[in-house]
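A short worksheet on the structure shown next.
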Amino acid sequence: MKKYLFGIDIGGTSVKIGLFNLKGNLLKKWDIITNKEDLGKHILDDVYKSIKYQIPNLEEVDGYGFGVPGPVVNSKIIKCVNLGWEDYDLISIFSKLVNNENILVENDANVAALGETLHGAAFGYSNSAMLTLGTGVGGGIIVNSKIIDGAHGAAGELGHLHVVKENGRLCNCGNYGCLETVASATGIKNTFIELQKNSNIDSTLKDKEHLSAKMVIEAAKKGDVLSLEVVEDFTYYIGYACSILSIITNPDIIIIGGGVSKAGIYLLNKINHYFRKMMFEPVKETKIVLAKLGNDAGIYGAASLVKNDR
Ligand SMILES: [Zn+2]
């Protein structure tokens with residue numbers, strides 16, 4: 001009898017594995033190390049062994065959903081630079097291992113958006129978008145409870161919206177002035193360093209070692225003028241990105257997640273302030289909220305991909 005679903009979120013350093021019942025409730029979760037040797041060809045084997053250890057009778061498993069760190073189009077992985085995968089046919093490789101056909105794969109930021117929509121911050125809504133502000137900036141767009149991949153798997157890659165018009169910093173993607181260069185943890189830190197160099201304003205963080213985005217935001221909350229300038233800068237850009245998003249797919253709700261979102265309501269109020277200044281009047285009901293599931297969003301979303309009744 002089928003009893004379980006698996007949600008598997010493959011990252012560059014670890015693979016998060018979630019065991020769910022058929023209703024989509026999380027029963028158990030654990031991590032394994034991502035073995036990237038030999039162009040990542042051991043990763044799926046390791047996942048299989050770990051699953052088999054927990055559920056020896058794989059006949060009880062109804063399906064396996066995956067999130068991977070790279071673009072996916074029609075369940076085909078185009079490229080995962082972090083893992084060494086290119087044109088990688090995860091579905092046929094894994095289906096042979098587990099002898100199961102109910103396997104689906106999507107981009108990791110997209111499954112996180114799906115997880116937050118079906119089980120987290122956007123529960124009850126079917127049209128949403130998520131911005132994940134971490135080391136980089138990721139995103140995902142959900143329409144009618146389904147992930148939008150687009151023609152090249154780039155739909156929802158909100159970190160690469162071109163937002164800084166002049167003198168933008170170089171982004172990991174090779175362009176200049178992407179949202180990621182200003183609104184990621186790294187971007188926030190870089191903006192502070194840049195401003196400090198070009199300004200006479202004093203700051204409590206002046207010449208601090210191991211400067212982090214968190215320190216900048218905390219200092220801004222306490223009234224540090226230079227840090228506040230940085231916070232106004234990146235929340236403006238996020239508000240701008242939200243205003244663009246809000247008229248492209250017109251989501252009910254925009255979810256802000258990732259490490260930077262731990263700044264909480266303080267951050268949300270600033271993003272909302274700029275969003276409301278720039279938005280198109282008919283989208284004024286659009287809500288902007290904080291993510292709820294943290295690192296579990298990916299496994300929830302991945303399992304949802306293969307859940308029968310959604
Ligand atoms: Zn970029």
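Identifiers in the structure tokens: chain A, B, ... in order shown; residue index from 1 per chain; ligand index from 1 in order shown.
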With range 229-240 of chain A as the partner and 10 Å as the cut-off, tabulate the residues of range 142-169 of chain A that qualify, each row holding the nearest pair of atoms and their distance in Å to one decimal, using only C-alpha atoms, sorted by chain and rising number, as JSON lines.
```
{"residue": "A:Leu158", "atom": "CA", "partner": "A:Ile238", "partner_atom": "CA", "distance": 9.8}
{"residue": "A:Gly159", "atom": "CA", "partner": "A:Ile238", "partner_atom": "CA", "distance": 9.8}
{"residue": "A:Leu161", "atom": "CA", "partner": "A:Tyr237", "partner_atom": "CA", "distance": 9.9}
{"residue": "A:His162", "atom": "CA", "partner": "A:Tyr237", "partner_atom": "CA", "distance": 9.8}
{"residue": "A:Val163", "atom": "CA", "partner": "A:Tyr237", "partner_atom": "CA", "distance": 6.6}
{"residue": "A:Val164", "atom": "CA", "partner": "A:Tyr237", "partner_atom": "CA", "distance": 8.1}
```
Taking all heavy atoms for each residue, export the selection above as a PDB file, in the first residue's frame.
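As written to disk, again07.pdb reads:
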```
ATOM      1  N   LEU A 158      14.294  36.206 -10.161  1.00  0.00           N
ATOM      2  CA  LEU A 158      14.133  37.625  -9.838  1.00  0.00           C
ATOM      3  C   LEU A 158      15.432  38.292  -9.410  1.00  0.00           C
ATOM      4  O   LEU A 158      15.567  39.510  -9.469  1.00  0.00           O
ATOM      5  CB  LEU A 158      13.073  37.777  -8.750  1.00  0.00           C
ATOM      6  CG  LEU A 158      11.733  37.117  -9.128  1.00  0.00           C
ATOM      7  CD1 LEU A 158      10.808  37.065  -7.931  1.00  0.00           C
ATOM      8  CD2 LEU A 158      11.078  37.874 -10.269  1.00  0.00           C
ATOM      9  N   GLY A 159      16.402  37.498  -8.997  1.00  0.00           N
ATOM     10  CA  GLY A 159      17.690  38.057  -8.609  1.00  0.00           C
ATOM     11  C   GLY A 159      18.390  38.743  -9.768  1.00  0.00           C
ATOM     12  O   GLY A 159      19.288  39.564  -9.569  1.00  0.00           O
ATOM     13  N   LEU A 161      16.809  40.571 -12.161  1.00  0.00           N
ATOM     14  CA  LEU A 161      16.123  41.760 -12.669  1.00  0.00           C
ATOM     15  C   LEU A 161      17.147  42.894 -12.657  1.00  0.00           C
ATOM     16  O   LEU A 161      17.839  43.097 -11.661  1.00  0.00           O
ATOM     17  CB  LEU A 161      14.982  42.159 -11.730  1.00  0.00           C
ATOM     18  CG  LEU A 161      13.640  41.477 -11.870  1.00  0.00           C
ATOM     19  CD1 LEU A 161      12.725  41.945 -10.735  1.00  0.00           C
ATOM     20  CD2 LEU A 161      13.010  41.808 -13.215  1.00  0.00           C
ATOM     21  N   HIS A 162      17.219  43.609 -13.759  1.00  0.00           N
ATOM     22  CA  HIS A 162      18.161  44.730 -13.829  1.00  0.00           C
ATOM     23  C   HIS A 162      17.540  45.932 -13.115  1.00  0.00           C
ATOM     24  O   HIS A 162      16.576  46.506 -13.587  1.00  0.00           O
ATOM     25  CB  HIS A 162      18.440  45.059 -15.298  1.00  0.00           C
ATOM     26  CG  HIS A 162      19.378  46.187 -15.484  1.00  0.00           C
ATOM     27  ND1 HIS A 162      20.727  46.082 -15.249  1.00  0.00           N
ATOM     28  CD2 HIS A 162      19.169  47.461 -15.870  1.00  0.00           C
ATOM     29  CE1 HIS A 162      21.297  47.240 -15.487  1.00  0.00           C
ATOM     30  NE2 HIS A 162      20.384  48.097 -15.856  1.00  0.00           N
ATOM     31  N   VAL A 163      18.068  46.271 -11.949  1.00  0.00           N
ATOM     32  CA  VAL A 163      17.443  47.341 -11.170  1.00  0.00           C
ATOM     33  C   VAL A 163      18.327  48.581 -10.996  1.00  0.00           C
ATOM     34  O   VAL A 163      17.824  49.682 -10.844  1.00  0.00           O
ATOM     35  CB  VAL A 163      16.979  46.842  -9.777  1.00  0.00           C
ATOM     36  CG1 VAL A 163      15.868  45.812  -9.902  1.00  0.00           C
ATOM     37  CG2 VAL A 163      18.131  46.294  -8.951  1.00  0.00           C
ATOM     38  N   VAL A 164      19.640  48.392 -11.000  1.00  0.00           N
ATOM     39  CA  VAL A 164      20.524  49.550 -10.820  1.00  0.00           C
ATOM     40  C   VAL A 164      20.895  50.063 -12.207  1.00  0.00           C
ATOM     41  O   VAL A 164      21.580  49.380 -12.972  1.00  0.00           O
ATOM     42  CB  VAL A 164      21.802  49.178 -10.025  1.00  0.00           C
ATOM     43  CG1 VAL A 164      22.640  50.414  -9.748  1.00  0.00           C
ATOM     44  CG2 VAL A 164      21.442  48.470  -8.723  1.00  0.00           C
TER      45      VAL A 164
END
```
Please extract the residues of range 37-251 of chain A with a backbone DSSP assignment of alpha helix (DSSP H) and present them as a count of residues only. 87
Name each residue within 7 Å of ligand 1, counting only C-alpha atoms and all ligand atoms, as a list in words.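 Here is the list of contacting residues: Gly159, His160, Cys171, Asn172, Cys173, Gly174, Asn175, Tyr176, Cys178 and Glu180 of chain A.
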Could you give me, as a VMD selection string, the residues within 10 Å of range 113-126 of chain A, counting only C-alpha atoms and dropping anything in the same chain fewer than 3 positions from it? chain A and resid 24 to 25 108 to 110 129 to 132 138 to 147 156 251 to 257 287 to 294 296 to 305 310
Residues within 7 Å of range 51-60 of chain A, only C-alpha atoms, excluding chain neighbours under 4 positions, as an MDAnalysis selection string: chainID A and resid 1:4 47 98
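Using only C-alpha atoms, the shortest contact distance between Met215 in chain A and any of A:Ala185, A:Asn107, A:Asn102, A:Leu170 is found at A:Ala185.
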Please return as a VMD selection string: the residues of range 14-115 of chain A that backbone DSSP assigns to strand (DSSP E or B). chain A and resid 14 to 21 26 to 33 61 to 68 72 to 73 76 to 80 85 to 88 103 to 107
Could you write those residues out with N, CA, C and O atoms, as a short mmCIF file (atom, residue, chain, number, x, y, z; two decimals), in the first residue's frame?
```cif
data_model
loop_
_atom_site.label_atom_id
_atom_site.label_comp_id
_atom_site.auth_asym_id
_atom_site.auth_seq_id
_atom_site.Cartn_x
_atom_site.Cartn_y
_atom_site.Cartn_z
N SER A 14 24.57 20.23 0.93
CA SER A 14 23.81 19.13 1.51
C SER A 14 22.52 18.86 0.74
O SER A 14 22.03 19.72 0.01
N VAL A 15 22.03 17.64 0.92
CA VAL A 15 20.74 17.26 0.33
C VAL A 15 19.75 17.14 1.48
O VAL A 15 20.00 16.40 2.44
N LYS A 16 18.66 17.89 1.41
CA LYS A 16 17.64 17.80 2.46
C LYS A 16 16.58 16.81 1.99
O LYS A 16 16.07 16.93 0.87
N ILE A 17 16.27 15.86 2.85
CA ILE A 17 15.30 14.84 2.47
C ILE A 17 14.13 14.90 3.46
O ILE A 17 14.34 14.92 4.68
N GLY A 18 12.92 14.97 2.94
CA GLY A 18 11.73 15.01 3.79
C GLY A 18 10.82 13.84 3.46
O GLY A 18 10.55 13.58 2.29
N LEU A 19 10.38 13.15 4.51
CA LEU A 19 9.43 12.05 4.35
C LEU A 19 8.04 12.58 4.73
O LEU A 19 7.87 13.13 5.82
N PHE A 20 7.10 12.45 3.81
CA PHE A 20 5.75 12.99 4.02
C PHE A 20 4.71 11.88 3.92
O PHE A 20 4.94 10.88 3.22
N ASN A 21 3.57 12.07 4.57
CA ASN A 21 2.47 11.14 4.30
C ASN A 21 1.74 11.62 3.03
O ASN A 21 2.09 12.66 2.47
N LEU A 26 4.62 16.56 6.93
CA LEU A 26 6.01 16.14 7.13
C LEU A 26 6.10 15.17 8.31
O LEU A 26 5.64 15.48 9.41
N LEU A 27 6.68 13.98 8.09
CA LEU A 27 6.82 12.99 9.15
C LEU A 27 8.22 13.00 9.75
O LEU A 27 8.42 12.81 10.94
N LYS A 28 9.20 13.23 8.86
CA LYS A 28 10.59 13.15 9.29
C LYS A 28 11.46 13.86 8.26
O LYS A 28 11.13 13.86 7.08
N LYS A 29 12.55 14.47 8.71
CA LYS A 29 13.47 15.10 7.75
C LYS A 29 14.90 14.89 8.20
O LYS A 29 15.16 14.77 9.40
N TRP A 30 15.79 14.83 7.25
CA TRP A 30 17.21 14.71 7.58
C TRP A 30 18.04 15.21 6.40
O TRP A 30 17.48 15.48 5.32
N ASP A 31 19.34 15.35 6.64
CA ASP A 31 20.26 15.86 5.61
C ASP A 31 21.32 14.82 5.30
O ASP A 31 21.72 14.08 6.19
N ILE A 32 21.80 14.79 4.08
CA ILE A 32 23.02 14.04 3.79
C ILE A 32 23.98 15.00 3.07
O ILE A 32 23.54 16.01 2.51
N ILE A 33 25.24 14.67 3.08
CA ILE A 33 26.23 15.53 2.41
C ILE A 33 26.13 15.34 0.90
O ILE A 33 25.91 14.22 0.42
N VAL A 61 6.18 3.81 -1.15
CA VAL A 61 6.40 5.21 -1.55
C VAL A 61 5.64 5.51 -2.85
O VAL A 61 5.80 4.82 -3.85
N ASP A 62 4.80 6.55 -2.78
CA ASP A 62 3.99 6.89 -3.96
C ASP A 62 4.78 7.73 -4.97
O ASP A 62 4.57 7.60 -6.17
N GLY A 63 5.65 8.62 -4.49
CA GLY A 63 6.36 9.46 -5.44
C GLY A 63 7.52 10.21 -4.82
O GLY A 63 7.65 10.30 -3.58
N TYR A 64 8.36 10.77 -5.68
CA TYR A 64 9.56 11.49 -5.26
C TYR A 64 9.64 12.81 -6.03
O TYR A 64 9.67 12.81 -7.26
N GLY A 65 9.67 13.91 -5.29
CA GLY A 65 9.81 15.21 -5.93
C GLY A 65 11.18 15.79 -5.59
O GLY A 65 11.66 15.63 -4.46
N PHE A 66 11.79 16.45 -6.56
CA PHE A 66 13.14 16.99 -6.37
C PHE A 66 13.19 18.49 -6.63
O PHE A 66 12.54 18.99 -7.57
N GLY A 67 14.01 19.18 -5.86
CA GLY A 67 14.39 20.55 -6.18
C GLY A 67 15.89 20.54 -6.46
O GLY A 67 16.65 19.91 -5.72
N VAL A 68 16.32 21.21 -7.53
CA VAL A 68 17.75 21.22 -7.88
C VAL A 68 18.22 22.65 -8.14
O VAL A 68 17.44 23.50 -8.61
N VAL A 72 15.37 24.27 -14.91
CA VAL A 72 14.69 23.04 -15.30
C VAL A 72 13.58 23.42 -16.28
O VAL A 72 12.83 24.36 -16.03
N VAL A 73 13.50 22.72 -17.40
CA VAL A 73 12.41 22.96 -18.35
C VAL A 73 11.73 21.63 -18.64
O VAL A 73 12.41 20.66 -19.01
N LYS A 76 13.28 18.59 -17.34
CA LYS A 76 14.65 18.28 -17.79
C LYS A 76 15.60 19.29 -17.15
O LYS A 76 15.38 20.51 -17.23
N ILE A 77 16.66 18.77 -16.52
CA ILE A 77 17.65 19.65 -15.90
C ILE A 77 18.58 20.17 -16.98
O ILE A 77 19.23 19.39 -17.69
N ILE A 78 18.65 21.48 -17.13
CA ILE A 78 19.52 22.06 -18.15
C ILE A 78 20.97 22.06 -17.66
O ILE A 78 21.86 21.57 -18.32
N LYS A 79 21.15 22.62 -16.47
CA LYS A 79 22.50 22.72 -15.93
C LYS A 79 22.46 23.00 -14.44
O LYS A 79 21.69 23.84 -13.98
N CYS A 80 23.26 22.29 -13.65
CA CYS A 80 23.45 22.62 -12.25
C CYS A 80 24.96 22.76 -12.04
O CYS A 80 25.66 21.78 -11.75
N TRP A 85 26.23 18.83 -12.98
CA TRP A 85 25.24 18.21 -13.87
C TRP A 85 24.96 19.09 -15.09
O TRP A 85 24.75 20.29 -14.97
N GLU A 86 24.93 18.48 -16.25
CA GLU A 86 24.52 19.20 -17.46
C GLU A 86 23.64 18.27 -18.29
O GLU A 86 23.99 17.10 -18.49
N ASP A 87 22.54 18.77 -18.80
CA ASP A 87 21.55 17.93 -19.50
C ASP A 87 21.36 16.60 -18.77
O ASP A 87 21.48 15.53 -19.36
N TYR A 88 21.10 16.70 -17.49
CA TYR A 88 21.10 15.52 -16.63
C TYR A 88 19.69 14.95 -16.52
O TYR A 88 18.75 15.66 -16.15
N ILE A 103 8.01 10.61 -10.50
CA ILE A 103 9.16 11.42 -10.08
C ILE A 103 9.13 12.72 -10.88
O ILE A 103 8.93 12.69 -12.09
N LEU A 104 9.28 13.83 -10.17
CA LEU A 104 9.31 15.12 -10.87
C LEU A 104 10.43 15.99 -10.30
O LEU A 104 10.83 15.83 -9.14
N VAL A 105 10.92 16.88 -11.13
CA VAL A 105 12.01 17.74 -10.70
C VAL A 105 11.74 19.18 -11.14
O VAL A 105 11.15 19.41 -12.20
N GLU A 106 12.12 20.12 -10.28
CA GLU A 106 11.97 21.55 -10.57
C GLU A 106 13.15 22.29 -9.97
O GLU A 106 13.86 21.76 -9.13
N ASN A 107 13.33 23.52 -10.38
CA ASN A 107 14.34 24.39 -9.81
C ASN A 107 14.09 24.58 -8.30
O ASN A 107 12.94 24.67 -7.87
#
```
With only C-alpha atoms as the basis for distance, which of A:Val81, A:Gly12, A:His42, A:Lys214 is at the shortest distance from Leu267 in chain A? A:Lys214
